[in-house]
Every structure is written in C-alpha cells, then in structure tokens.
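The file structure-v2.cif comes next; it holds mmCIF, C-alpha atoms (C1' of nucleotides).
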data_model
#
loop_
_atom_site.label_atom_id
_atom_site.label_comp_id
_atom_site.auth_asym_id
_atom_site.auth_seq_id
_atom_site.Cartn_x
_atom_site.Cartn_y
_atom_site.Cartn_z
CA MET A 273 -8.69 -7.80 20.25
CA GLY A 274 -8.02 -5.90 17.14
CA GLY A 275 -11.54 -4.48 16.99
CA ARG A 276 -12.47 -0.92 16.27
CA GLU A 277 -14.63 -0.37 19.35
CA GLY A 278 -12.67 1.93 21.61
CA THR A 279 -12.80 5.31 19.91
CA ASP A 280 -10.42 8.05 20.87
CA ARG A 281 -10.35 10.80 18.29
CA GLY A 282 -7.01 12.21 17.25
CA VAL A 283 -7.43 14.98 14.69
CA GLY A 284 -10.97 15.43 15.90
CA PRO A 285 -14.39 16.54 14.67
CA LEU A 286 -13.18 19.84 13.23
CA SER A 287 -11.74 18.05 10.20
CA ARG A 288 -14.26 17.25 7.49
CA PRO A 289 -14.64 14.07 5.48
CA PHE A 290 -13.09 13.86 2.02
CA ASP A 291 -15.48 14.65 -0.84
CA ARG A 292 -17.19 11.53 -2.19
CA GLU A 293 -17.93 13.31 -5.48
CA ILE A 294 -14.21 13.63 -6.19
CA LEU A 295 -13.60 9.97 -5.43
CA SER A 296 -16.54 8.95 -7.64
CA GLY A 297 -15.16 10.74 -10.70
CA PRO A 298 -12.23 9.82 -12.97
CA VAL A 299 -9.84 7.69 -10.91
CA LEU A 300 -6.64 9.44 -11.99
CA ALA A 301 -8.02 12.78 -10.81
CA ALA A 302 -9.24 11.16 -7.60
CA GLY A 303 -5.77 9.78 -6.93
CA ARG A 304 -4.17 13.17 -7.46
CA GLU A 305 -6.61 14.80 -5.04
CA LEU A 306 -5.89 12.17 -2.38
CA LEU A 307 -2.37 13.58 -1.92
CA GLY A 308 -2.45 15.56 1.32
CA ALA A 309 -5.64 13.89 2.55
CA VAL A 310 -5.57 12.28 6.00
CA LEU A 311 -6.49 8.69 6.87
CA GLU A 312 -7.34 8.41 10.56
CA VAL A 313 -7.90 5.07 12.31
CA ASP A 314 -9.24 4.44 15.82
CA SER A 315 -8.40 1.33 17.82
CA PRO A 316 -8.60 0.30 21.46
CA GLN A 317 -4.96 1.39 21.76
CA GLY A 318 -5.59 4.88 20.40
CA THR A 319 -5.77 6.78 17.13
CA VAL A 320 -3.16 7.09 14.40
CA ALA A 321 -3.48 9.44 11.42
CA VAL A 322 -1.39 9.66 8.25
CA ALA A 323 -1.26 12.47 5.65
CA LEU A 324 -0.85 10.85 2.23
CA SER A 325 2.28 11.60 0.18
CA GLU A 326 2.16 8.84 -2.46
CA VAL A 327 -0.60 6.82 -4.15
CA GLU A 328 -1.10 4.52 -7.12
CA VAL A 329 -4.09 4.31 -9.43
CA TYR A 330 -5.62 0.98 -10.49
CA ALA A 331 -8.08 1.82 -13.21
CA GLY A 332 -11.06 -0.45 -13.70
CA LEU A 333 -11.52 -3.68 -15.63
CA ALA A 334 -9.15 -2.72 -18.45
CA ASP A 335 -6.07 -2.37 -16.23
CA PRO A 336 -4.10 -5.66 -16.31
CA ALA A 337 -2.37 -4.80 -13.04
CA SER A 338 -5.64 -4.33 -11.16
CA HIS A 339 -7.05 -6.93 -8.81
CA ALA A 340 -10.33 -6.43 -10.67
CA TYR A 341 -8.84 -7.26 -14.08
CA ARG A 342 -10.12 -10.83 -14.11
CA GLY A 343 -13.52 -9.94 -12.81
CA ARG A 344 -15.27 -10.03 -9.49
CA THR A 345 -14.03 -12.44 -6.81
CA GLY A 346 -14.53 -12.76 -3.09
CA ARG A 347 -11.46 -10.68 -2.40
CA ASN A 348 -12.08 -7.75 -4.72
CA ALA A 349 -15.87 -7.47 -4.40
CA VAL A 350 -15.75 -4.10 -2.61
CA MET A 351 -14.01 -2.58 -5.63
CA PHE A 352 -17.19 -3.09 -7.64
CA GLY A 353 -19.23 -0.91 -5.28
CA PRO A 354 -19.40 2.87 -4.77
CA ALA A 355 -16.40 5.09 -4.04
CA GLY A 356 -15.14 5.94 -0.59
CA PHE A 357 -14.89 2.46 0.89
CA LEU A 358 -11.78 0.67 2.15
CA TYR A 359 -10.17 -2.32 0.38
CA VAL A 360 -7.38 -4.07 2.31
CA TYR A 361 -5.56 -7.05 0.77
CA PHE A 362 -2.81 -9.44 1.87
CA VAL A 363 0.44 -9.87 -0.11
CA TYR A 364 3.65 -11.88 0.05
CA GLY A 365 2.31 -14.04 2.85
CA MET A 366 2.77 -11.36 5.51
CA HIS A 367 1.79 -7.81 4.56
CA TRP A 368 -1.45 -5.85 4.34
CA CYS A 369 -1.95 -2.99 1.87
CA CYS A 370 -4.90 -0.61 1.73
CA ASN A 371 -6.82 1.11 -1.02
CA VAL A 372 -9.62 3.63 -1.36
CA VAL A 373 -12.29 2.42 -3.78
CA CYS A 374 -12.76 5.10 -6.44
CA GLY A 375 -14.71 5.71 -9.63
CA PRO A 376 -18.42 5.32 -10.34
CA ASP A 377 -20.42 2.51 -8.73
CA GLY A 378 -19.89 -0.65 -10.78
CA GLU A 379 -16.58 0.45 -12.29
CA PRO A 380 -13.96 -1.37 -10.18
CA SER A 381 -11.18 1.17 -9.65
CA ALA A 382 -9.07 1.75 -6.58
CA VAL A 383 -6.20 3.91 -5.35
CA LEU A 384 -3.43 2.15 -3.40
CA LEU A 385 -2.16 4.24 -0.49
CA ARG A 386 1.61 3.88 -0.82
CA ALA A 387 3.04 6.30 1.70
CA GLY A 388 2.39 9.16 4.07
CA ARG A 389 3.49 11.07 7.14
CA VAL A 390 2.20 10.23 10.61
CA VAL A 391 0.40 13.35 11.86
CA ALA A 392 -1.23 11.91 15.00
CA GLY A 393 -0.54 8.97 17.31
CA GLU A 394 3.17 8.66 16.60
CA GLU A 395 3.84 6.79 19.83
CA LEU A 396 1.36 4.05 18.90
CA ALA A 397 2.67 4.00 15.34
CA ARG A 398 6.20 3.40 16.64
CA ALA A 399 4.98 0.58 18.86
CA ARG A 400 3.39 -1.05 15.81
CA ARG A 401 6.45 -0.59 13.64
CA PRO A 402 9.54 -1.08 15.84
CA ALA A 403 11.77 -1.51 12.78
CA ALA A 404 11.23 2.12 11.77
CA ARG A 405 14.35 4.09 12.61
CA THR A 406 12.89 7.51 11.89
CA ALA A 407 9.42 9.03 11.90
CA THR A 408 9.52 9.34 8.12
CA GLU A 409 9.87 5.57 7.78
CA LEU A 410 6.73 4.77 9.78
CA ALA A 411 4.45 4.92 6.74
CA ARG A 412 6.95 4.89 3.87
CA GLY A 413 5.67 2.04 1.70
CA PRO A 414 2.19 0.51 1.39
CA ALA A 415 2.63 -2.31 3.91
CA ARG A 416 4.29 0.02 6.39
CA LEU A 417 1.44 2.51 6.00
CA ALA A 418 -1.19 -0.18 6.63
CA GLY A 419 0.83 -1.55 9.55
CA THR A 420 1.27 1.87 11.15
CA LEU A 421 -2.48 2.39 10.99
CA GLY A 422 -3.20 -1.16 12.21
CA LEU A 423 -5.34 -1.99 9.16
CA VAL A 424 -6.04 -5.63 8.28
CA GLY A 425 -8.27 -7.54 5.87
CA THR A 426 -11.32 -7.48 8.09
CA ASP A 427 -11.34 -3.68 7.84
CA THR A 428 -12.30 -4.00 4.18
CA GLY A 429 -15.67 -2.41 3.52
CA ALA A 430 -15.38 0.45 6.02
CA ASP A 431 -17.09 3.63 4.84
CA LEU A 432 -14.23 6.11 5.00
CA LEU A 433 -16.48 9.14 4.56
CA ASP A 434 -18.84 8.40 7.45
CA PRO A 435 -17.85 10.68 10.36
CA ALA A 436 -18.96 7.95 12.77
CA SER A 437 -16.66 5.34 11.19
CA PRO A 438 -13.55 4.27 13.13
CA ILE A 439 -11.61 4.54 9.85
CA ARG A 440 -11.99 7.97 8.28
CA LEU A 441 -10.64 9.75 5.22
CA LEU A 442 -10.43 13.46 5.95
CA ALA A 443 -9.82 16.48 3.77
CA GLY A 444 -6.30 17.62 4.56
CA THR A 445 -4.12 20.26 2.94
CA ARG A 446 -4.39 20.14 -0.84
CA ILE A 447 -1.01 19.74 -2.56
CA PRO A 448 -0.43 22.43 -5.25
CA ASP A 449 0.05 21.23 -8.83
CA ALA A 450 3.69 22.38 -8.82
CA LYS A 451 4.53 19.76 -6.18
CA VAL A 452 2.67 16.84 -7.74
CA ARG A 453 4.71 14.31 -9.73
CA ARG A 454 3.75 11.20 -11.66
CA GLY A 455 5.63 8.10 -12.84
CA PRO A 456 5.41 4.34 -13.36
CA ARG A 457 3.83 2.16 -10.71
CA VAL A 458 6.04 0.25 -8.27
CA GLY A 459 6.50 -3.51 -8.30
CA VAL A 460 3.94 -3.95 -11.06
CA ALA A 461 4.73 -6.26 -13.98
CA ALA A 462 1.65 -5.58 -16.12
CA ALA A 463 1.22 -2.17 -17.78
CA ALA A 464 4.53 -1.05 -16.29
CA GLU A 465 4.65 1.92 -18.63
CA VAL A 466 1.60 3.82 -17.41
CA PRO A 467 2.51 6.74 -15.11
CA TRP A 468 -0.13 6.08 -12.49
CA ARG A 469 2.02 6.46 -9.41
CA ILE A 470 1.46 9.95 -8.02
CA TRP A 471 3.54 11.55 -5.26
CA VAL A 472 4.54 14.80 -3.57
CA ASP A 473 7.82 16.06 -5.00
CA GLY A 474 10.66 16.06 -2.49
CA ASP A 475 8.67 14.56 0.38
CA PRO A 476 10.96 12.29 2.45
CA THR A 477 8.09 9.95 3.33
CA VAL A 478 7.68 8.89 -0.32
CA SER A 479 8.82 5.30 -0.86
CA ALA A 480 11.94 4.48 -2.87
CA TYR A 481 11.02 3.69 -6.46
CA ARG A 482 11.51 0.05 -7.42
CA ALA A 483 10.72 -1.28 -10.83
CA ASN A 484 8.97 -4.61 -10.71
CA THR A 485 11.21 -7.16 -8.99
CA ARG A 486 9.50 -10.36 -9.97
CA ARG A 487 11.64 -13.38 -9.16
CA ARG A 488 13.08 -15.42 -11.96
CA VAL A 489 11.89 -19.00 -11.89
CA ALA A 490 14.58 -21.65 -11.42
CA THR A 491 15.50 -23.31 -14.70
"C1'" DC B 22 24.41 4.57 -0.81
"C1'" DC B 23 22.92 -0.03 -3.69
"C1'" DA B 24 21.76 -4.99 -4.73
"C1'" DT B 25 20.31 -9.42 -3.23
"C1'" DT B 26 17.55 -12.70 -0.81
"C1'" DG B 27 14.50 -15.17 2.61
"C1'" DA B 28 10.17 -15.01 4.82
"C1'" DT B 29 5.33 -16.78 4.35
"C1'" DC B 30 0.23 -17.71 2.95
"C1'" DG B 31 -4.31 -16.10 0.87
"C1'" DT B 32 -6.07 -16.18 -3.51
"C1'" DC B 33 -7.06 -17.77 -7.95
"C1'" DT B 34 -6.03 -21.19 -11.72
"C1'" DG C 297 0.41 -25.47 -7.34
"C1'" DA C 298 2.28 -20.79 -8.47
"C1'" DC C 299 2.47 -16.23 -7.59
"C1'" DG C 300 2.48 -11.81 -5.73
"C1'" DA C 301 0.37 -3.64 -5.76
"C1'" DT C 302 6.54 -6.00 0.16
"C1'" DC C 303 9.82 -5.58 3.97
"C1'" DA C 304 13.96 -6.17 6.65
"C1'" DA C 305 18.37 -8.07 7.11
"C1'" DT C 306 22.62 -8.64 5.13
"C1'" DG C 307 26.81 -7.62 2.73
"C1'" DG C 308 29.26 -4.82 -0.75
"C1'" DT C 309 30.83 -0.14 -2.68
#
Please rewrite the model in this file as structure tokens.
Amino acid sequence: MGGREGTDRGVGPLSRPFDREILSGPVLAAGRELLGAVLEVDSPQGTVAVALSEVEVYAGLADPASHAYRGRTGRNAVMFGPAGFLYVYFVYGMHWCCNVVCGPDGEPSAVLLRAGRVVAGEELARARRPAARTATELARGPARLAGTLGLVGTDTGADLLDPASPIRLLAGTRIPDAKVRRGPRVGVAAAAEVPWRIWVDGDPTVSAYRANTRRRVAT
DNA sequence: CCATTGATCGTCT
DNA sequence: GACGATCAATGGT
C-alpha cells in the first residue's frame, strides 16, 4: 500500500517536464518560475495534479531558516544534490510538506510548495482531504498540498523531471510578472524579514499569511 | 471574519 | 529533551 506502482496518467504525455536549467540556477528565480507549474502524482488509487500558486524559497547554507543551515544530515541529504528532485519532510508530529530541490549541485537550496489548485483527480483529492469544504481548500497550505497529492517521506528523492517518474513536475502556464507578489515567509522565526514567499496575486488557493506563531515556553 | 489551542513524533542537540 | 517551513476545531466579534 502507498506505493507508486499503479500508473494512471492524468494530464498526460502532452505536457512537458519543467526545465531543469531553470531549477539549477538562482533559487529565487527558480521559485518565481515554479508558479503555474504542475505537480502530478500517480498512485494505485489514481492521479492527482496541482498547479502551484504559492511557494517559499530556502536559500542554501547561509539561510538560517533552511533545513540545510546546520549542514548535511540524514533528513536533508537530497538538498545537497542536483536540482529537480523531491524533498518531503515531516513536521508537528503529523504533517508532510514537500519541496523541489533547486540551485546548483552541492548548494543546498529548496523551494517549499505552499499551495496550489487541483487541476486533475479532484475526486481522489477530496477523499484524501475530507476536511476541505471547497475545492480551493484542497491544496491551500503546504501540508494540505502534500496530503492532497498523497506525498510522504519515502517519496523523497524522486526525479521530478523524468517523464517515467510517478511524481512529475510539468511546465504549466507561466504567471505574468504583473500577477507575481512577494513577501515574508510563513511560520518562520529565523530571517523573518526576507521576502522569499512568492505567490499569485488574488488567487483564492493561496494560504492565509501567518507570521511565525512559535509557542511561548511556560515560565 | 479573527484568535487561540491541542494534537503528535521525527529529528537533531 | 525540546522544537517545529501546520491544521482543524472551537469560541468570540
């Protein structure tokens, strides 16, 4: 169960993989270009695809909010490899969140996929996320997006740009500059001032902005 | 609409 | 042993 064996293409072979050159370049530019791209995931239950509306950039070893900040560990190892691979991590004891590894090989950057619109497999997405009251909520937020797509930690390392992969990043409709907005990252304590959250202006699938909500420790 | 809080565990110190 | 790149339920305005 939970494997990626049974393939059943949704968007189909007409769509082309995202450009690895773009992902391998400067991570902020890569994040901006990911808006409008489509992440498509096969499972035995079917295929779900999401068009990205919101992302966050985590920029290499110098970014104190990045999982790579304190160097290579078992969890973040894939970030240190080439661009275009999937990094899925577990947070708050119950949620998965997914990233696209970006930047040059050896420079551990990643782009967190924060939100998107379900463009294929909505019935399966709704079965996975029964709490969603509307279609726009199915992938509004990073853990919801990962849950809608059925992504978990063992999916880390998938080559998103291989057409034969069950988890594929596809070139979608590029968002024009006039609709691209940037601001502070969500829920991040370190480097809270850098405007590395990028989203599509006015898109209802974009998550509600929350400044970091770290709990106060009991006195 | 907004603010608050409990849930829950892998990962790193 | 502490802490999250969060969500959903709850209760107030």
Check your understanding: Evaluating the PyMOL selection byres ((chain C and resi 302) around 8) on the displayed file yields which residues, as a ChimeraX atom specification?
Key -> /A:363-364,367,414-415 /C:303
Check your understanding: Which one is closest to chain B: A:Gly318, A:Gly425, A:Gly413, A:Gly474? Count only C-alpha atoms (C1' of nucleotides).
Key -> A:Gly425
**Study point:** Test item: the PyMOL selection byres ((chain B) within 7 of (chain A)) resolved as a list in words
**Key:** DT29, DC30 and DG31 of chain B
Practice item. Specify as a PyMOL selection string each residue included when the PyMOL selection byres ((chain A) within 12 of (chain C)) is applied to this file. Key: chain A and resi 327-330+336-339+360-371+382-386+401-405+409+412-419+457-462+464+468-469+479+482-489
Point to revise | Point-to-point distance from atom CA of Ala480 of chain A to atom CA of Leu307 of chain A, Å rounded to tenths | key: 17.0 Å
Check your understanding: Nearest to DC33 of chain B among A:Lys451, A:Cys374, A:Asn348, A:Thr426, with distances taken over all atoms listed in the file: which residue is it?
Key -> A:Asn348
Practice item. Mind checking which residues fall within 7 Å of Val322 of chain A, counting only C-alpha atoms (C1' of nucleotides), ignoring those fewer than 6 positions away in the same chain, and posting them as number ranges by chain? Key: A: 310-312, 388-391
Point to revise | Separation of atom CA of Asp431 of chain A from atom CA of Phe357 of chain A, in Å and rounded to one decimal | key: 4.7 Å
Review point. Got a sec to check which residues sit within 7 Å of (-10.3, 10.8, -2.7), counting all atoms listed in the file, and write them as a PyMOL selection string?
Key: chain A and resi 290-292+294-295+302-303+305-306
